[in-house]
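**Q** File protein_26.cif below, mmCIF, C-alpha atoms:
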```cif
data_run
loop_
_atom_site.label_atom_id
_atom_site.label_comp_id
_atom_site.auth_asym_id
_atom_site.auth_seq_id
_atom_site.Cartn_x
_atom_site.Cartn_y
_atom_site.Cartn_z
CA GLU A 1 87.37 77.43 85.75
CA ALA A 2 89.96 79.99 86.80
CA ASP A 3 92.15 78.63 89.52
CA ILE A 4 95.64 78.17 90.89
CA TYR A 5 97.27 74.76 90.88
CA GLN A 6 100.16 73.35 92.84
CA THR A 7 101.91 70.06 92.17
CA PRO A 8 102.78 67.79 93.77
CA ARG A 9 100.47 67.90 96.79
CA TYR A 10 102.83 65.77 98.84
CA LEU A 11 106.51 65.02 98.30
CA VAL A 12 108.92 62.92 100.33
CA ILE A 13 112.48 63.17 99.11
CA GLY A 14 115.98 62.35 100.27
CA THR A 15 118.57 64.85 101.42
CA GLY A 16 120.62 66.41 98.64
CA LYS A 17 118.05 65.95 95.90
CA LYS A 18 117.02 68.79 93.61
CA ILE A 19 113.29 69.51 93.59
CA THR A 20 110.94 71.85 91.80
CA LEU A 21 107.53 72.75 93.17
CA GLU A 22 105.12 73.77 90.44
CA CYS A 23 102.57 76.57 90.61
CA SER A 24 100.30 77.63 87.76
CA GLN A 25 97.34 79.97 87.63
CA THR A 26 94.75 80.48 84.93
CA MET A 27 93.45 83.86 86.08
CA GLY A 28 95.98 86.03 84.25
CA HIS A 29 97.19 87.53 87.54
CA ASP A 30 100.38 89.53 87.35
CA LYS A 31 101.37 89.06 90.99
CA MET A 32 102.41 85.68 92.38
CA TYR A 33 103.80 84.66 95.76
CA TRP A 34 105.37 81.75 97.60
CA TYR A 35 104.77 81.30 101.31
CA GLN A 36 106.35 78.78 103.68
CA GLN A 37 104.20 77.50 106.51
CA ASP A 38 105.25 75.13 109.26
CA PRO A 39 102.44 73.06 110.82
CA GLY A 40 100.10 75.22 112.88
CA MET A 41 102.28 78.22 112.26
CA GLU A 42 102.07 81.55 110.56
CA LEU A 43 102.82 82.16 106.91
CA HIS A 44 106.19 83.50 105.87
CA LEU A 45 106.66 85.18 102.48
CA ILE A 46 109.75 83.73 100.78
CA HIS A 47 109.41 84.94 97.16
CA TYR A 48 107.17 87.13 95.06
CA SER A 49 106.84 88.32 91.49
CA TYR A 50 105.04 91.28 90.01
CA GLY A 51 105.27 90.02 86.44
CA VAL A 52 107.32 88.17 83.85
CA ASN A 53 111.07 88.29 84.55
CA SER A 54 110.42 89.96 87.91
CA THR A 55 111.27 88.07 91.11
CA GLU A 56 112.06 89.29 94.60
CA LYS A 57 112.95 87.69 97.91
CA GLY A 58 110.44 87.92 100.69
CA ASP A 59 110.69 88.52 104.40
CA LEU A 60 111.96 85.05 105.30
CA SER A 61 115.36 84.07 104.00
CA SER A 62 115.14 80.93 101.89
CA GLU A 63 117.65 78.80 100.01
CA SER A 64 115.08 78.25 97.30
CA THR A 65 114.97 80.09 93.98
CA VAL A 66 112.09 81.03 91.69
CA SER A 67 111.59 82.00 88.08
CA ARG A 68 108.82 83.77 86.16
CA ILE A 69 109.21 83.16 82.45
CA ARG A 70 105.48 83.02 81.78
CA THR A 71 102.70 84.95 83.50
CA GLU A 72 100.87 81.81 84.53
CA HIS A 73 103.83 79.83 85.85
CA PHE A 74 105.91 80.45 89.02
CA PRO A 75 107.99 77.39 89.97
CA LEU A 76 110.11 77.15 93.12
CA THR A 77 113.37 75.17 93.09
CA LEU A 78 115.55 73.76 95.83
CA GLU A 79 118.94 72.76 94.42
CA SER A 80 119.84 70.52 97.36
CA ALA A 81 117.05 69.60 99.75
CA ARG A 82 117.75 69.36 103.49
CA PRO A 83 115.57 68.23 106.43
CA SER A 84 115.29 71.89 107.48
CA HIS A 85 113.33 72.48 104.26
CA THR A 86 110.54 70.24 105.49
CA SER A 87 107.43 72.42 105.47
CA GLN A 88 104.28 73.30 103.61
CA TYR A 89 104.73 75.61 100.64
CA LEU A 90 101.78 77.73 99.52
CA CYS A 91 101.56 79.54 96.20
CA ALA A 92 99.22 82.51 95.74
CA SER A 93 98.34 85.03 93.08
CA SER A 94 96.54 88.36 92.94
CA GLU A 95 95.45 91.04 90.56
CA ILE A 96 97.31 94.35 90.56
CA GLY A 97 94.84 95.70 93.10
CA ALA A 98 95.49 92.98 95.66
CA GLY A 99 94.12 95.17 98.40
CA ASN A 100 90.71 95.13 96.76
CA TYR A 101 90.60 91.52 95.72
CA GLY A 102 92.82 89.58 98.07
CA TYR A 103 95.00 86.62 97.29
CA THR A 104 93.95 83.35 95.69
CA PHE A 105 95.84 80.41 97.17
CA GLY A 106 96.72 77.01 95.80
CA SER A 107 96.19 73.85 97.85
CA GLY A 108 99.82 73.72 98.88
CA THR A 109 102.71 71.26 98.62
CA ARG A 110 103.70 69.44 101.79
CA LEU A 111 107.42 68.68 101.49
CA THR A 112 109.23 66.20 103.70
CA VAL A 113 112.99 65.82 103.35
CA VAL A 114 114.40 62.69 104.97
CA ALA B 115 104.12 100.23 110.23
CA GLN B 116 101.46 97.69 109.34
CA SER B 117 100.74 94.63 111.43
CA VAL B 118 98.00 92.24 112.42
CA THR B 119 97.55 90.65 115.83
CA GLN B 120 95.28 87.70 116.39
CA LEU B 121 94.42 87.23 120.05
CA GLY B 122 94.30 83.59 121.05
CA SER B 123 96.17 81.00 119.03
CA HIS B 124 93.60 78.37 120.01
CA VAL B 125 89.86 78.83 120.54
CA SER B 126 87.42 76.08 121.51
CA VAL B 127 83.65 76.40 121.28
CA SER B 128 80.78 73.99 121.65
CA GLU B 129 78.74 73.08 118.61
CA GLY B 130 75.93 75.64 118.30
CA ALA B 131 77.74 78.29 120.35
CA LEU B 132 78.91 81.69 119.19
CA VAL B 133 82.26 81.83 117.42
CA LEU B 134 84.39 84.92 118.09
CA LEU B 135 87.89 85.18 116.67
CA ARG B 136 89.74 88.39 117.46
CA CYS B 137 91.90 90.45 115.14
CA ASN B 138 93.46 93.83 115.80
CA TYR B 139 95.44 95.76 113.26
CA SER B 140 97.92 98.58 113.07
CA SER B 141 98.06 100.69 109.95
CA SER B 142 99.09 104.23 109.15
CA VAL B 143 96.71 104.32 106.18
CA PRO B 144 93.16 103.04 105.71
CA PRO B 145 93.56 99.30 105.48
CA TYR B 146 92.00 96.55 103.49
CA LEU B 147 91.24 93.66 105.84
CA PHE B 148 90.60 90.00 105.16
CA TRP B 149 89.76 86.77 106.92
CA TYR B 150 90.96 83.48 105.42
CA VAL B 151 90.21 79.91 106.50
CA GLN B 152 92.57 76.97 106.11
CA TYR B 153 91.39 73.38 106.45
CA PRO B 154 93.96 70.65 107.19
CA ASN B 155 96.40 70.10 104.34
CA GLN B 156 94.74 72.77 102.23
CA GLY B 157 95.54 76.25 101.03
CA LEU B 158 93.84 79.37 102.34
CA GLN B 159 90.32 80.25 101.25
CA LEU B 160 88.93 83.77 101.40
CA LEU B 161 86.07 84.08 103.94
CA LEU B 162 85.40 87.79 103.65
CA LYS B 163 87.03 91.16 103.03
CA TYR B 164 86.64 94.77 104.11
CA THR B 165 87.47 97.36 101.47
CA SER B 166 86.09 100.58 103.02
CA ALA B 167 82.47 100.08 102.00
CA ALA B 168 80.11 98.75 104.69
CA THR B 169 81.72 98.24 108.08
CA LEU B 170 79.80 95.00 108.67
CA VAL B 171 80.96 92.46 106.15
CA LYS B 172 79.23 89.18 105.47
CA GLY B 173 81.18 86.25 104.15
CA ILE B 174 80.75 82.63 103.25
CA ASN B 175 79.54 79.86 105.56
CA GLY B 176 77.61 82.27 107.81
CA PHE B 177 80.65 84.24 109.00
CA GLU B 178 80.73 87.99 109.33
CA ALA B 179 83.16 90.60 110.61
CA GLU B 180 82.84 94.19 111.73
CA PHE B 181 85.41 96.86 111.05
CA LYS B 182 85.79 99.16 114.05
CA LYS B 183 88.21 101.96 113.35
CA SER B 184 88.08 103.33 116.89
CA GLU B 185 89.15 99.96 118.26
CA THR B 186 91.41 99.05 115.29
CA SER B 187 89.64 95.71 115.25
CA PHE B 188 88.17 93.34 112.69
CA HIS B 189 86.78 90.44 114.73
CA LEU B 190 85.24 87.42 113.01
CA THR B 191 81.95 86.01 114.31
CA LYS B 192 79.46 83.27 113.56
CA PRO B 193 76.26 82.88 115.58
CA SER B 194 76.27 79.08 115.72
CA ALA B 195 79.35 76.90 115.30
CA HIS B 196 79.26 73.75 113.18
CA MET B 197 81.68 70.87 113.37
CA SER B 198 82.76 71.74 109.84
CA ASP B 199 84.02 75.14 111.05
CA ALA B 200 87.01 73.51 112.75
CA ALA B 201 90.01 74.96 110.93
CA GLU B 202 92.79 77.54 111.11
CA TYR B 203 91.72 81.16 110.59
CA PHE B 204 94.00 83.93 109.44
CA CYS B 205 93.38 87.66 109.58
CA ALA B 206 95.26 89.72 106.99
CA LEU B 207 95.85 93.37 106.19
CA ALA B 208 96.74 94.94 102.86
CA ASN B 209 97.96 98.45 102.42
CA THR B 210 97.80 100.74 99.41
CA GLY B 211 101.04 99.21 98.21
CA ASN B 212 99.17 95.90 98.07
CA GLN B 213 101.58 94.13 100.39
CA PHE B 214 99.83 91.64 102.64
CA TYR B 215 100.46 91.14 106.34
CA PHE B 216 99.09 87.94 107.85
CA GLY B 217 98.33 87.27 111.49
CA THR B 218 99.75 84.21 113.20
CA GLY B 219 96.47 82.34 112.91
CA THR B 220 93.84 81.02 115.32
CA SER B 221 93.01 77.36 115.47
CA LEU B 222 89.29 76.81 116.04
CA THR B 223 88.12 73.58 117.68
CA VAL B 224 84.42 72.76 117.76
CA ILE B 225 83.37 70.43 120.56
CA PRO B 226 80.39 68.16 119.87
#
```
If you convert what's in this file into structure tokens, what do you get?

**A**
Amino acid sequence: EADIYQTPRYLVIGTGKKITLECSQTMGHDKMYWYQQDPGMELHLIHYSYGVNSTEKGDLSSESTVSRIRTEHFPLTLESARPSHTSQYLCASSEIGAGNYGYTFGSGTRLTVV
Amino acid sequence: AQSVTQLGSHVSVSEGALVLLRCNYSSSVPPYLFWYVQYPNQGLQLLLKYTSAATLVKGINGFEAEFKKSETSFHLTKPSAHMSDAAEYFCALANTGNQFYFGTGTSLTVIP
């Protein structure tokens, strides 16, 4: 079944650790996105990609980085986690005509940095 | 400039009552409009979308929304609320460049 997967679902990690949040989709979508969402709050776009080797920063400044080496894979990395990075991170993908089809979201990764 | 405004960050309804979640948009070009639902600790799930076909759009779980150009609105309704409808709801707009703009969300509480 075509879908978008995020791992881990929950992560509690100490300050200063390096972490990678995984996102994979099986729909062959060219466009992928990372959103940051604080509890009960709006979504903020932090990174997006329109295809392999294409990555851009979003509207919200983030210390995280992303890569897009394969169409289906769009991992997000924090080199040194801090408590301010505690949040929910949502990955999404879309076809080229996102306006027609909308985004497909993963289940999210809830990150807590202690 | 494109933007989405959701009126009311929290809405409470009794079980069986009408659900009305408000969304107004601003767009210089004909928009694509969407409603998403987010259950606790989950991602967003598409409820319905307007893509310039019928102005009354039916979605999943008994929800529907009506596109009103004159009012620049795309309000979400459901005739009878269920306890399972309690969630966060997001209105979103996409332009021809395919960039999405999300509203700030409305938290729906259903009172037994």

**Q** At a cut-off of 9 Å around the point (107.9, 88.0, 97.7) (file coordinates), what residues fall inside when counting all atoms listed in the file? I'd like the answer as a VMD selection string.

**A** chain A and resid 32 to 35 45 to 50 55 to 59

**Q** Please measure the separation of CA of Arg9 (chain A) and CA of Ile96 (chain A), giving the value in Å to one decimal.

**A**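 Distance between the two atoms: 27.4 Å.
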
**Q** Find the residues around Ser123 (chain B) up to 8 Å (all atoms listed in the file counted), leave out those fewer than 4 positions away in its own chain, and share them as an mmCIF file with C-alpha atoms, keeping the file's coordinate frame.

**A**
```cif
data_model
loop_
_atom_site.group_PDB
_atom_site.id
_atom_site.type_symbol
_atom_site.label_atom_id
_atom_site.label_comp_id
_atom_site.auth_asym_id
_atom_site.auth_seq_id
_atom_site.Cartn_x
_atom_site.Cartn_y
_atom_site.Cartn_z
ATOM 1 C CA THR B 218 99.750 84.210 113.200
ATOM 2 C CA GLY B 219 96.470 82.340 112.910
ATOM 3 C CA THR B 220 93.840 81.020 115.320
ATOM 4 C CA SER B 221 93.010 77.360 115.470
#
```

**Q** At most 10 Å is the cut-off: for each residue in chain A with any atom that close to an atom of chain B, write down the nearest atom pair and the distance in Å rounded to one decimal, counting all atoms listed in the file, chain first then increasing number, as a tab-separated table.

**A**
```
residue	atom	partner	partner_atom	distance
A:Gln6	CA	B:Gly157	CA	9.8
A:Arg9	CA	B:Asn155	CA	8.9
A:Tyr10	CA	B:Asn155	CA	9.5
A:Pro39	CA	B:Asn155	CA	9.3
A:Gly40	CA	B:Ser221	CA	7.8
A:Met41	CA	B:Thr218	CA	6.6
A:Glu42	CA	B:Thr218	CA	4.4
A:Leu43	CA	B:Phe216	CA	6.9
A:His44	CA	B:Phe216	CA	8.6
A:Leu45	CA	B:Phe214	CA	9.4
A:Gln88	CA	B:Asn155	CA	8.5
A:Tyr89	CA	B:Gly157	CA	9.2
A:Leu90	CA	B:Gly157	CA	6.6
A:Cys91	CA	B:Gly157	CA	8.4
A:Ala92	CA	B:Gly157	CA	9.0
A:Ser94	CA	B:Asn212	CA	9.5
A:Glu95	CA	B:Asn212	CA	9.7
A:Ile96	CA	B:Asn212	CA	7.9
A:Gly97	CA	B:Asn212	CA	6.6
A:Ala98	CA	B:Asn212	CA	5.3
A:Gly99	CA	B:Asn212	CA	5.1
A:Asn100	CA	B:Thr165	CA	6.1
A:Tyr101	CA	B:Lys163	CA	8.1
A:Gly102	CA	B:Phe148	CA	7.4
A:Tyr103	CA	B:Leu160	CA	7.9
A:Thr104	CA	B:Gln159	CA	7.3
A:Phe105	CA	B:Leu158	CA	5.6
A:Gly106	CA	B:Gly157	CA	5.4
A:Ser107	CA	B:Gly157	CA	4.0
A:Gly108	CA	B:Gly157	CA	5.4
A:Thr109	CA	B:Asn155	CA	8.6
A:Arg110	CA	B:Asn155	CA	7.8
```

**Q** Determine the residue membership of the PyMOL selection byres ((chain A and resi 11) around 10) for the file above and supply it as number ranges by chain.

**A** A: 7-10, 12-13, 19, 21, 86, 109-113

**Q** On this structure, the PyMOL selection byres ((chain B and resi 175-179) around 7) would catch which residues? List them as a compact mmCIF listing (two decimals) with C-alpha atoms, in the coordinates of the input, sorted by chain and number.

**A**
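Final output, result17.txt:
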```
# COMPACT_ATOMS: atom_id res chain seq x y z
CA LEU B 170 79.80 95.00 108.67
CA VAL B 171 80.96 92.46 106.15
CA LYS B 172 79.23 89.18 105.47
CA GLY B 173 81.18 86.25 104.15
CA ILE B 174 80.75 82.63 103.25
CA GLU B 180 82.84 94.19 111.73
CA PHE B 181 85.41 96.86 111.05
CA PHE B 188 88.17 93.34 112.69
CA HIS B 189 86.78 90.44 114.73
CA LEU B 190 85.24 87.42 113.01
CA THR B 191 81.95 86.01 114.31
CA LYS B 192 79.46 83.27 113.56
```

**Q** Mind working out the centre and edge lengths of an axis-aligned box for region 62-70 of chain A, all listed atoms inside, 5 Å added to each side, rounded to one decimal in Å and written as lines of an AutoDock Vina configuration file?

**A**
```
center_x = 111.6
center_y = 81.0
center_z = 91.8
size_x = 22.2
size_y = 15.5
size_z = 30.1
```

**Q** Given all atoms listed in the file as the basis, pick out the residue of B:Glu185, B:Leu161, B:Gly122, B:Ser128 nearest to Ser140 (chain B).

**A**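 Closest to Ser140 (chain B) of all the choices is B:Glu185.
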
**Q** Please, what distance in Å, to one decimal, runs between CA of Leu121 (chain B) and CA of Thr223 (chain B)?

**A**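 Computed distance, CA of Leu121 (chain B) to CA of Thr223 (chain B), equals 15.2 Å.
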
**Q** Report, in Å to a single decimal, how far apart CA of Glu129 (chain B) and CA of Ser198 (chain B) are.

**A** 9.7 Å

**Q** Give the answer as one residue: which of A:Arg82, A:Lys31, A:Thr26, A:Gln37 has the shortest atom-to-atom distance to Arg68 (chain A), using only C-alpha atoms?

**A** A:Lys31

**Q** Could you pull the residues within 7 Å of Val66 (chain A), counting all atoms listed in the file, minus those fewer than 4 positions along the same chain, as a list in words?

**A** Phe74, Pro75, Leu76 and Thr77 of chain A

**Q** Restricting it to C-alpha atoms, dump the selection as a PDB file, keeping the file's coordinate frame.

**A**
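Saved result, part_14.pdb, follows:
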```pdb
ATOM      1  CA  PHE A  74     105.910  80.450  89.020  1.00  0.00           C
ATOM      2  CA  PRO A  75     107.990  77.390  89.970  1.00  0.00           C
ATOM      3  CA  LEU A  76     110.110  77.150  93.120  1.00  0.00           C
ATOM      4  CA  THR A  77     113.370  75.170  93.090  1.00  0.00           C
TER       5      THR A  77
END
```

**Q** Starting from the shown file, work through the PyMOL selection byres ((chain B and resi 138) around 7) and note down what comes out as an mmCIF file with C-alpha atoms, in the coordinates of the input.

**A**
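expr.cif written:
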```
data_model
loop_
_atom_site.group_PDB
_atom_site.id
_atom_site.type_symbol
_atom_site.label_atom_id
_atom_site.label_comp_id
_atom_site.auth_asym_id
_atom_site.auth_seq_id
_atom_site.Cartn_x
_atom_site.Cartn_y
_atom_site.Cartn_z
ATOM 1 C CA VAL B 118 98.000 92.240 112.420
ATOM 2 C CA THR B 119 97.550 90.650 115.830
ATOM 3 C CA GLN B 120 95.280 87.700 116.390
ATOM 4 C CA ARG B 136 89.740 88.390 117.460
ATOM 5 C CA CYS B 137 91.900 90.450 115.140
ATOM 6 C CA TYR B 139 95.440 95.760 113.260
ATOM 7 C CA THR B 186 91.410 99.050 115.290
ATOM 8 C CA SER B 187 89.640 95.710 115.250
ATOM 9 C CA PHE B 188 88.170 93.340 112.690
#
```

**Q** With all atoms listed in the file as the atoms that count, which of A:Ser64, A:Ser54, A:Thr20, A:Thr71 lies nearest to Gln36 (chain A)?

**A**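 That would be A:Ser64, the residue with the smallest distance to Gln36 (chain A).
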